[in-house]
Each structure stands twice: as structure tokens, then as C-alpha cells.
Amino acid sequence: MLEEARLAERTGLTEEEVRSIVRDELEKGWKKDPATKKMAIIASRGTLDWAYPPLNLACTAAASGMEVSVFFTFYGLNIIRRDSAKRLKITPVGNPGMPMPVPMPDIISALPGMTSFATWMMRGRMRKHNVNTIAELLDLSKELGVRLIACDFTFQVFGYREEDFIDGVEFGGAAAFLSQARRAHTTLFI
Amino acid sequence: MLEEARLAERTGLTEEEVRSIVRDELEKGWKKDPATKKMAIIASRGTLDWAYPPLNLACTAAASGMEVSVFFTFYGLNIIRRDSAKRLKITPVGNPGMPMPVPMPDIISALPGMTSFATWMMRGRMRKHNVNTIAELLDLSKELGVRLIACDFTFQVFGYREEDFIDGVEFGGAAAFLSQARRAHTTLFI
Amino acid sequence: MLEEARLAERTGLTEEEVRSIVRDELEKGWKKDPATKKMAIIASRGTLDWAYPPLNLACTAAASGMEVSVFFTFYGLNIIRRDSAKRLKITPVGNPGMPMPVPMPDIISALPGMTSFATWMMRGRMRKHNVNTIAELLDLSKELGVRLIACDFTFQVFGYREEDFIDGVEFGGAAAFLSQARRAHTTLFI
């Protein structure tokens, strides 16, 4: 009886029917594209303000189940140095887009002490809004499984050593970044 | 007669034949990948020069039928403020790559008035070449259906209010950006 | 005999069996996604330090068999000018993330001669580590088949002429970039 039913089902499909099924599955399949679940970021800037976007995006993505790699290169290496807390500064010089309490020409904001002042001001504003510190975001990244990769070539040119970096950092070159990026929809150079 | 013909067609395909059809359809299918039609941009800089690339790319992409989202964060929020016309400036300070009429050291370009001068010069050059203003590009973006999203977290830290932004702007966080970016081939941090 | 065997094979597959084959092939197919083999980069900055990332990434990707396009726009046009060697400079002004031999406030690093000094220092450090010059990387890019595209709109606004650029450069607008980027997983704005 069962055998008969199975044979009845197996009347076979024509090529056109098969192609139409394929197109239908493909349509649904795009949502399962593994590239939708991967993000690869390059963090290239080493100031307090620009340290936030790569880590914020990495934590948000990882928390929603994405696989994330952040590749630190050039000035971005500052972010993952052990002494990053005192290294990451901010300056209004050359950035007329930065909101300042009073407008000031670059000649004033370039004066000694102004970088410290701007850094202190930004830190205060962030504390007031309960923004995580960079150290907290790095800890969170690691907990969430974000891969932190230091550009091994750049850190040598800059005269840094492996022990200058926080624990949990991997080392790799541009090829390490590309092996992640080529499989990811979301790729950003920050 | 018809019935017979249909039965003749339904001799059935082997698994190998089906797999070969699937591979063939897949090959053609890549062109229909919905990710090829989506772009998600982060606009993070708030100067006159850097306001152009996100809006130029957004309008060009939307005009060719792509679905585009631009997420404004950090200094990029300046671009969609009601008073952006007077906020977006340009400075040669810290950018030795900027073409200047005469070479000048940063100490000169940092003098009071130089930002205004550089902004005035850039505006003149753009007017001469019939470049759209930022306000015009924002209007065009909206007409073309580009989604303009202000980072709700950053604008609070920066002390802005919802009413500071132009009409038609949505509000959202990093997750809003990622929900677009993960489905898009073209993702850029500008 | 053979005929009989073929007929036996052709018992036909049910729709469910076909769908399961499709899902299986799709799973394997993602690795063949042509977008994994394409990279489209925008190079927008025109200083010695920021000239490196687009060319380094382009050469590394092309050497591993990827199809790469680099679109030069805004200050990035400096990179492909014939006289780029003397045009590409570096300044610590406005970049407190740059490692300096001694810490210095912007007012000092903005003094006449400091850009030349920083450029000379960076060049020396790179020579010491056998880093390729930008000219060498451009030659390598061309050998590896990287497409170098100058933004035709921007170069006119900046007052450059076609003959200002090195040989082998193509000219195109934002649409030229997007036609590459929409088919590429790796898209970066540098």
C-alpha cells in the first residue's frame, strides 16, 4: 500500500517544473545568505571620538548574533594598547564639525592644553550620558566573541611590541582582514 | 493524447540532472541577489567637503533604482540639522592634501578667519561648476526615497533635540543601520 | 541493458526531494558567490599616511585573485597625480593619535616646516622597514590588474586636467564606482 503511494508520487517532474522550484527556493534562500551574518571592520583612527564607532558597531552586531572581526591598523592600534586610556585624546583642531561650547578659530584650539581640555570635556559629556568607556567596550567585545586583530605589519613600522597590546588580541595582516571581509556583507573602513 | 504527452514528459529526472539544473539556475541567480540593489552608508563627518560623498553616492544609487539608507552619526549629524548651511565649514588645517591657491603652513591656515575663507573659497569653486548645494542634495535624496536616519544615541550625547533636524529624518540606533547593512553589498563608513 | 538501468534511475523525484537537493546545492553555492571575489574601494584622502591603506588592500586582494577597483575622489586624487611623490605629505596637526618622538601641542606641530619634518620622519621610518613607496604600489597595482579610476567630476571641480594623472588611469563618476560596488562584498570608503 505504502509502496504504491510512493510510486504514485514518483511520477517525476519536468525540467521546467524543477527550474521553477529552484527559483522559488533561491528567492527564500537569500535570507539565509551567510554574508548577512558577518561584519568585518577596519579601525584606523586613534582618537577618543573615532574609537567609539568600530566598538559600538561591533558590540551591537555581535549581540544580535553576527560574527564580527575588527582589524586595528595605523593610528587605530592605539585603541587596543594597554595604555589606551591615556593615549586616546580628542582635538577640535582641523575639525570645524565638532560642537564646541564657544566657536573658536584653530589658532586658539591649537594652543597647549586645548587637546587635554577637549578630551576632558568629551569624557565628561560621555560620563553624563552613561556612555561606556573604551575599556568597557573592549571587554564587552571580547565577551561577545568579537575577534580583535592587530595589523602585524603596521605595529612593527610604528615601533610597537606584541606586549604593548591588551590580552586577547590576535595578530595578522591585510590578508587576515580580507579573508573575513570577502565573506561579509557589512565591511567598513573607520 | 495530451495526457499521454504529459506522461511522456514526466519520465522524471535523475538526482544528478536536478543538481546540474540547480547549479545552472544558481549561476544566473547571482545577478538577482537582492544585496546588489541595496546600499547602507554611515555619514560621520560634519564638514562641507565630507558632506558631499554620502549624499552624492546616495542620490546616484537611488536614481539608478537602488534602495539607500544614510545613517548620520557623530559630526555627520551637522549635515541634517536645520541650520546646516551655516554649520558646514571646511578647513585646510590638518589636511595637507587640500589643494590651496598658495601653499601655507598650518600655523597660517589656523589663523582666525581662515576657516571662513576656505569655506568661502570652496563654495565659490562649487558654484562655478554648478555643484548642487547640500540642501539641494538633501531634497533630492528625499524625493528619490533615500532613508535619512539620525543616530538617536549620539544626538542626545551631543545635546541636540529632535526639532533641530530637517523634516523627513527618522531616528534610530546602530541596530537600525545594521539591519540595512547586513542585506546590502555596498556598505560605507564616510 | 543500459537502457533498462537508465529507466530504473528515472523513477523521478518528488517535489520535496527536489527542494531538498536545491537547499543542499545552495548551501555549497554560497562559497561560489561571485561577490566574494570582488572589492571596490574609494580613496578619498590625499596624505602620505592615508595613501597606503587603499593601495595595500588593493594589491593584497588582487594578488590573491580578487577583482579590484579603486576609485579616487576628492583629496584622494593626489595619490594618482604624476607629481604625487612631492604632493603626499603628512601632518600631526589635528591627529593626536599619531605617534610622535615627543608629545607636542598642535600650536607647535602647526609651525612652518613641521609638515615637512613629519613627512620626512614618516618616510624614513617606512624606508627603514622596507615599506614600498606609493609609486611602487601604484606600479604593482597596475601589474596585478587593479582598475584605477579617477572621479571625473571632482577632478574638474579641483581644476585638474587628464594629463595631470599617471598613465593607466580610467575616468568615471559615482555610477562607475557603484557598478563595481554593488557586485562586491568588500566595499570600503577610505
# chains A, B, ... in the order shown; residues from 1 in each chain; ligands from 1
$ residues_around --residues "Leu77 in chain B" --least-positions-apart "5" --cutoff "8 Å" --atoms "only C-alpha atoms" --output "list of chain:residue names"
B:Ala43, B:Ser44, B:Arg45, B:Gly46, B:Phe72, B:Ala150, B:Cys151, B:Phe155
$ write_last_selection --atoms "C-alpha atoms" --output "PDB file, in the first residue's frame"
ATOM      1  CA  ALA B  43      27.901  59.721   7.378  1.00  0.00           C
ATOM      2  CA  SER B  44      30.116  60.595  10.338  1.00  0.00           C
ATOM      3  CA  ARG B  45      31.871  63.809   9.378  1.00  0.00           C
ATOM      4  CA  GLY B  46      30.403  67.268   9.656  1.00  0.00           C
ATOM      5  CA  PHE B  72      24.055  60.183  10.313  1.00  0.00           C
ATOM      6  CA  ALA B 150      19.791  60.268  12.662  1.00  0.00           C
ATOM      7  CA  CYS B 151      21.669  58.295  15.321  1.00  0.00           C
ATOM      8  CA  PHE B 155      22.393  63.299  19.090  1.00  0.00           C
TER       9      PHE B 155
END
$ residues_around --residues "range 128-133 of chain A" --least-positions-apart "4" --cutoff "12 Å" --atoms "only C-alpha atoms" --output "number ranges by chain"
A: 48-49, 51-52, 55-56, 59, 79, 84-85, 88, 121-124, 137-141; B: 153-159
$ interface_residues --of "chain A" --to "chain C" --cutoff "8 Å" --atoms "only C-alpha atoms" --output "JSON, numbers by chain"
{"A": [9, 10, 11, 12, 13, 18, 21, 22, 25, 26, 29, 33, 34, 45, 46, 47, 75, 76, 78, 87, 88, 89, 90, 91, 92, 93, 94, 95, 107, 110, 111, 112, 113, 115, 157, 158, 174, 175, 178, 181, 182, 183, 184, 185, 186, 187, 188, 189, 190]}
$ write_last_selection --atoms "N, CA and C atoms" --output "tab-separated table (two decimals), in the first residue's frame"
chain	number	residue	atom	x	y	z
A	9	GLU	N	3.50	9.05	-6.21
A	9	GLU	CA	4.15	10.35	-6.04
A	9	GLU	C	5.28	10.54	-7.05
A	10	ARG	N	5.99	9.44	-7.30
A	10	ARG	CA	7.17	9.49	-8.16
A	10	ARG	C	6.81	9.49	-9.64
A	11	THR	N	5.83	10.31	-10.00
A	11	THR	CA	5.53	10.40	-11.43
A	11	THR	C	6.61	11.22	-12.12
A	12	GLY	N	7.44	11.93	-11.29
A	12	GLY	CA	8.55	12.69	-11.87
A	12	GLY	C	8.15	14.10	-12.23
A	13	LEU	N	9.14	15.00	-12.19
A	13	LEU	CA	8.90	16.41	-12.52
A	13	LEU	C	9.62	16.73	-13.82
A	18	VAL	N	11.21	21.68	-12.31
A	18	VAL	CA	12.37	21.72	-11.41
A	18	VAL	C	12.95	23.13	-11.37
A	21	ILE	N	10.92	25.36	-9.20
A	21	ILE	CA	11.15	25.09	-7.78
A	21	ILE	C	12.45	25.75	-7.33
A	22	VAL	N	13.49	25.63	-8.17
A	22	VAL	CA	14.80	26.18	-7.82
A	22	VAL	C	14.69	27.69	-7.62
A	25	GLU	N	13.05	28.43	-4.33
A	25	GLU	CA	13.93	28.20	-3.17
A	25	GLU	C	15.01	29.28	-3.08
A	26	LEU	N	15.49	29.70	-4.25
A	26	LEU	CA	16.54	30.71	-4.31
A	26	LEU	C	16.01	32.01	-3.68
A	29	GLY	N	16.09	31.65	-0.27
A	29	GLY	CA	17.46	31.38	0.19
A	29	GLY	C	18.26	32.63	0.50
A	33	ASP	N	21.63	33.84	3.25
A	33	ASP	CA	22.99	34.14	2.79
A	33	ASP	C	23.90	34.34	4.01
A	34	PRO	N	24.92	33.49	4.17
A	34	PRO	CA	25.78	33.63	5.35
A	34	PRO	C	26.46	35.00	5.46
A	45	ARG	N	41.68	54.88	13.07
A	45	ARG	CA	41.94	56.17	13.70
A	45	ARG	C	42.13	56.00	15.21
A	46	GLY	N	42.98	56.82	15.78
A	46	GLY	CA	43.39	56.59	17.15
A	46	GLY	C	43.04	57.70	18.11
A	47	THR	N	41.85	58.30	17.91
A	47	THR	CA	41.44	59.34	18.84
A	47	THR	C	40.21	58.87	19.62
A	75	TYR	N	46.76	54.38	13.15
A	75	TYR	CA	46.54	55.02	14.46
A	75	TYR	C	45.52	54.25	15.29
A	76	GLY	N	44.72	53.42	14.62
A	76	GLY	CA	43.72	52.60	15.31
A	76	GLY	C	44.35	51.63	16.30
A	78	ASN	N	46.22	52.35	18.58
A	78	ASN	CA	46.12	52.99	19.90
A	78	ASN	C	44.98	52.43	20.74
A	87	ARG	N	46.11	57.40	26.11
A	87	ARG	CA	46.54	57.70	24.74
A	87	ARG	C	45.43	58.29	23.88
A	88	LEU	N	44.18	57.86	24.15
A	88	LEU	CA	43.08	58.30	23.29
A	88	LEU	C	42.64	59.70	23.67
A	89	LYS	N	42.91	60.64	22.77
A	89	LYS	CA	42.57	62.04	23.02
A	89	LYS	C	41.67	62.54	21.91
A	90	ILE	N	41.30	63.77	22.03
A	90	ILE	CA	40.42	64.34	21.02
A	90	ILE	C	40.86	65.78	20.83
A	91	THR	N	40.76	66.26	19.61
A	91	THR	CA	41.12	67.66	19.38
A	91	THR	C	40.12	68.29	18.42
A	92	PRO	N	39.76	69.54	18.69
A	92	PRO	CA	38.88	70.23	17.75
A	92	PRO	C	39.66	70.78	16.55
A	93	VAL	N	41.00	70.73	16.62
A	93	VAL	CA	41.81	71.31	15.54
A	93	VAL	C	41.58	70.55	14.24
A	94	GLY	N	41.28	71.28	13.19
A	94	GLY	CA	41.09	70.66	11.88
A	94	GLY	C	39.73	70.00	11.74
A	95	ASN	N	38.85	70.14	12.75
A	95	ASN	CA	37.52	69.55	12.67
A	95	ASN	C	36.46	70.59	13.01
A	107	ILE	N	43.60	78.55	15.64
A	107	ILE	CA	44.79	79.07	16.31
A	107	ILE	C	44.61	79.02	17.83
A	110	ALA	N	44.48	75.24	18.96
A	110	ALA	CA	45.79	74.60	18.80
A	110	ALA	C	46.72	74.90	19.97
A	111	LEU	N	46.29	75.78	20.88
A	111	LEU	CA	47.16	76.17	22.00
A	111	LEU	C	47.46	75.00	22.93
A	112	PRO	N	48.63	75.06	23.62
A	112	PRO	CA	48.95	73.97	24.55
A	112	PRO	C	47.79	73.80	25.54
A	113	GLY	N	47.44	72.59	25.84
A	113	GLY	CA	46.39	72.34	26.82
A	113	GLY	C	45.01	72.16	26.22
A	115	THR	N	44.02	70.26	23.71
A	115	THR	CA	43.67	68.86	23.45
A	115	THR	C	43.23	68.20	24.76
A	157	VAL	N	56.15	48.82	12.03
A	157	VAL	CA	56.60	50.12	11.49
A	157	VAL	C	56.49	51.21	12.55
A	158	PHE	N	55.42	51.14	13.37
A	158	PHE	CA	55.21	52.14	14.40
A	158	PHE	C	56.08	51.89	15.65
A	174	ALA	N	46.88	42.31	6.13
A	174	ALA	CA	45.73	42.68	5.29
A	174	ALA	C	45.00	41.44	4.80
A	175	ALA	N	45.75	40.33	4.57
A	175	ALA	CA	45.11	39.10	4.09
A	175	ALA	C	44.14	38.55	5.14
A	178	LEU	N	41.00	40.55	4.76
A	178	LEU	CA	40.28	40.23	3.53
A	178	LEU	C	39.60	38.86	3.60
A	181	ALA	N	36.46	39.79	5.29
A	181	ALA	CA	35.65	40.78	4.57
A	181	ALA	C	34.99	40.19	3.32
A	182	ARG	N	35.70	39.32	2.62
A	182	ARG	CA	35.14	38.80	1.37
A	182	ARG	C	33.91	37.93	1.60
A	183	ARG	N	33.70	37.48	2.81
A	183	ARG	CA	32.53	36.65	3.12
A	183	ARG	C	31.46	37.46	3.86
A	184	ALA	N	31.66	38.77	4.00
A	184	ALA	CA	30.76	39.60	4.81
A	184	ALA	C	30.06	40.67	3.98
A	185	HIS	N	28.78	40.87	4.22
A	185	HIS	CA	28.09	41.98	3.58
A	185	HIS	C	28.56	43.31	4.16
A	186	THR	N	28.65	43.37	5.48
A	186	THR	CA	28.99	44.64	6.12
A	186	THR	C	30.50	44.75	6.29
A	187	THR	N	31.11	45.63	5.49
A	187	THR	CA	32.55	45.88	5.58
A	187	THR	C	32.74	47.39	5.66
A	188	LEU	N	33.46	47.84	6.69
A	188	LEU	CA	33.60	49.29	6.91
A	188	LEU	C	35.04	49.65	7.21
A	189	PHE	N	35.51	50.75	6.66
A	189	PHE	CA	36.81	51.31	7.00
A	189	PHE	C	36.54	52.55	7.82
A	190	ILE	N	36.88	52.49	9.10
A	190	ILE	CA	36.56	53.60	10.01
A	190	ILE	C	37.81	54.33	10.42
$ atom_distance --atom1 "CA of Glu163 in chain A" --atom2 "CA of Ile149 in chain A"
14.0 Å
$ select_by_dssp --residues "range 37-92 of chain B" --states "strand (DSSP E)" --output "list in words"
Lys38, Met39, Ala40, Ile41, Ile42, Ala43, Glu67, Val68, Ser69, Val70, Phe71 and Phe72 of chain B
$ closest_residue --among "B:Thr73, B:Ser179, B:Ile80, B:Phe117" --to "Ala135 in chain B" --atoms "only C-alpha atoms"
B:Ile80
$ atom_distance --atom1 "CA of Ile166 in chain B" --atom2 "CA of Ile134 in chain B"
12.3 Å
$ atom_distance --atom1 "CA of Asp83 in chain A" --atom2 "CA of Tyr160 in chain A"
12.2 Å
$ decode --residues "range 152-170 of chain C" --atoms "N, CA and C atoms" --output "PDB file, in the first residue's frame"
ATOM      1  N   ASP C 152      35.815  61.755 -12.387  1.00  0.00           N
ATOM      2  CA  ASP C 152      35.922  62.803 -13.414  1.00  0.00           C
ATOM      3  C   ASP C 152      35.258  64.104 -12.978  1.00  0.00           C
ATOM      4  N   PHE C 153      34.249  63.993 -12.137  1.00  0.00           N
ATOM      5  CA  PHE C 153      33.560  65.191 -11.695  1.00  0.00           C
ATOM      6  C   PHE C 153      34.455  66.002 -10.735  1.00  0.00           C
ATOM      7  N   THR C 154      34.981  65.337  -9.725  1.00  0.00           N
ATOM      8  CA  THR C 154      35.792  66.043  -8.735  1.00  0.00           C
ATOM      9  C   THR C 154      37.041  66.659  -9.343  1.00  0.00           C
ATOM     10  N   PHE C 155      37.682  65.937 -10.251  1.00  0.00           N
ATOM     11  CA  PHE C 155      38.959  66.479 -10.732  1.00  0.00           C
ATOM     12  C   PHE C 155      38.735  67.760 -11.521  1.00  0.00           C
ATOM     13  N   GLN C 156      37.528  67.897 -12.108  1.00  0.00           N
ATOM     14  CA  GLN C 156      37.232  69.155 -12.795  1.00  0.00           C
ATOM     15  C   GLN C 156      36.991  70.284 -11.796  1.00  0.00           C
ATOM     16  N   VAL C 157      36.244  69.973 -10.716  1.00  0.00           N
ATOM     17  CA  VAL C 157      35.992  70.985  -9.687  1.00  0.00           C
ATOM     18  C   VAL C 157      37.319  71.447  -9.079  1.00  0.00           C
ATOM     19  N   PHE C 158      38.246  70.514  -8.912  1.00  0.00           N
ATOM     20  CA  PHE C 158      39.534  70.843  -8.307  1.00  0.00           C
ATOM     21  C   PHE C 158      40.490  71.498  -9.317  1.00  0.00           C
ATOM     22  N   GLY C 159      40.059  71.605 -10.559  1.00  0.00           N
ATOM     23  CA  GLY C 159      40.885  72.280 -11.551  1.00  0.00           C
ATOM     24  C   GLY C 159      42.032  71.443 -12.083  1.00  0.00           C
ATOM     25  N   TYR C 160      41.933  70.101 -11.969  1.00  0.00           N
ATOM     26  CA  TYR C 160      42.986  69.250 -12.533  1.00  0.00           C
ATOM     27  C   TYR C 160      42.635  68.928 -13.986  1.00  0.00           C
ATOM     28  N   ARG C 161      43.630  68.472 -14.742  1.00  0.00           N
ATOM     29  CA  ARG C 161      43.387  68.049 -16.125  1.00  0.00           C
ATOM     30  C   ARG C 161      43.771  66.571 -16.278  1.00  0.00           C
ATOM     31  N   GLU C 162      43.247  65.915 -17.304  1.00  0.00           N
ATOM     32  CA  GLU C 162      43.513  64.475 -17.504  1.00  0.00           C
ATOM     33  C   GLU C 162      45.005  64.183 -17.521  1.00  0.00           C
ATOM     34  N   GLU C 163      45.786  65.104 -18.129  1.00  0.00           N
ATOM     35  CA  GLU C 163      47.221  64.840 -18.273  1.00  0.00           C
ATOM     36  C   GLU C 163      47.983  64.988 -16.943  1.00  0.00           C
ATOM     37  N   ASP C 164      47.288  65.440 -15.887  1.00  0.00           N
ATOM     38  CA  ASP C 164      47.944  65.521 -14.579  1.00  0.00           C
ATOM     39  C   ASP C 164      48.096  64.142 -13.940  1.00  0.00           C
ATOM     40  N   PHE C 165      47.368  63.155 -14.462  1.00  0.00           N
ATOM     41  CA  PHE C 165      47.338  61.844 -13.812  1.00  0.00           C
ATOM     42  C   PHE C 165      48.294  60.850 -14.470  1.00  0.00           C
ATOM     43  N   ILE C 166      48.703  59.873 -13.695  1.00  0.00           N
ATOM     44  CA  ILE C 166      49.629  58.853 -14.202  1.00  0.00           C
ATOM     45  C   ILE C 166      48.952  58.023 -15.302  1.00  0.00           C
ATOM     46  N   ASP C 167      49.773  57.355 -16.099  1.00  0.00           N
ATOM     47  CA  ASP C 167      49.236  56.513 -17.175  1.00  0.00           C
ATOM     48  C   ASP C 167      48.441  55.346 -16.585  1.00  0.00           C
ATOM     49  N   GLY C 168      47.458  54.898 -17.344  1.00  0.00           N
ATOM     50  CA  GLY C 168      46.716  53.703 -16.931  1.00  0.00           C
ATOM     51  C   GLY C 168      45.494  54.013 -16.089  1.00  0.00           C
ATOM     52  N   VAL C 169      45.278  55.313 -15.802  1.00  0.00           N
ATOM     53  CA  VAL C 169      44.115  55.696 -15.005  1.00  0.00           C
ATOM     54  C   VAL C 169      42.897  55.843 -15.919  1.00  0.00           C
ATOM     55  N   GLU C 170      41.745  55.295 -15.479  1.00  0.00           N
ATOM     56  CA  GLU C 170      40.484  55.500 -16.202  1.00  0.00           C
ATOM     57  C   GLU C 170      39.748  56.677 -15.562  1.00  0.00           C
TER      58      GLU C 170
END
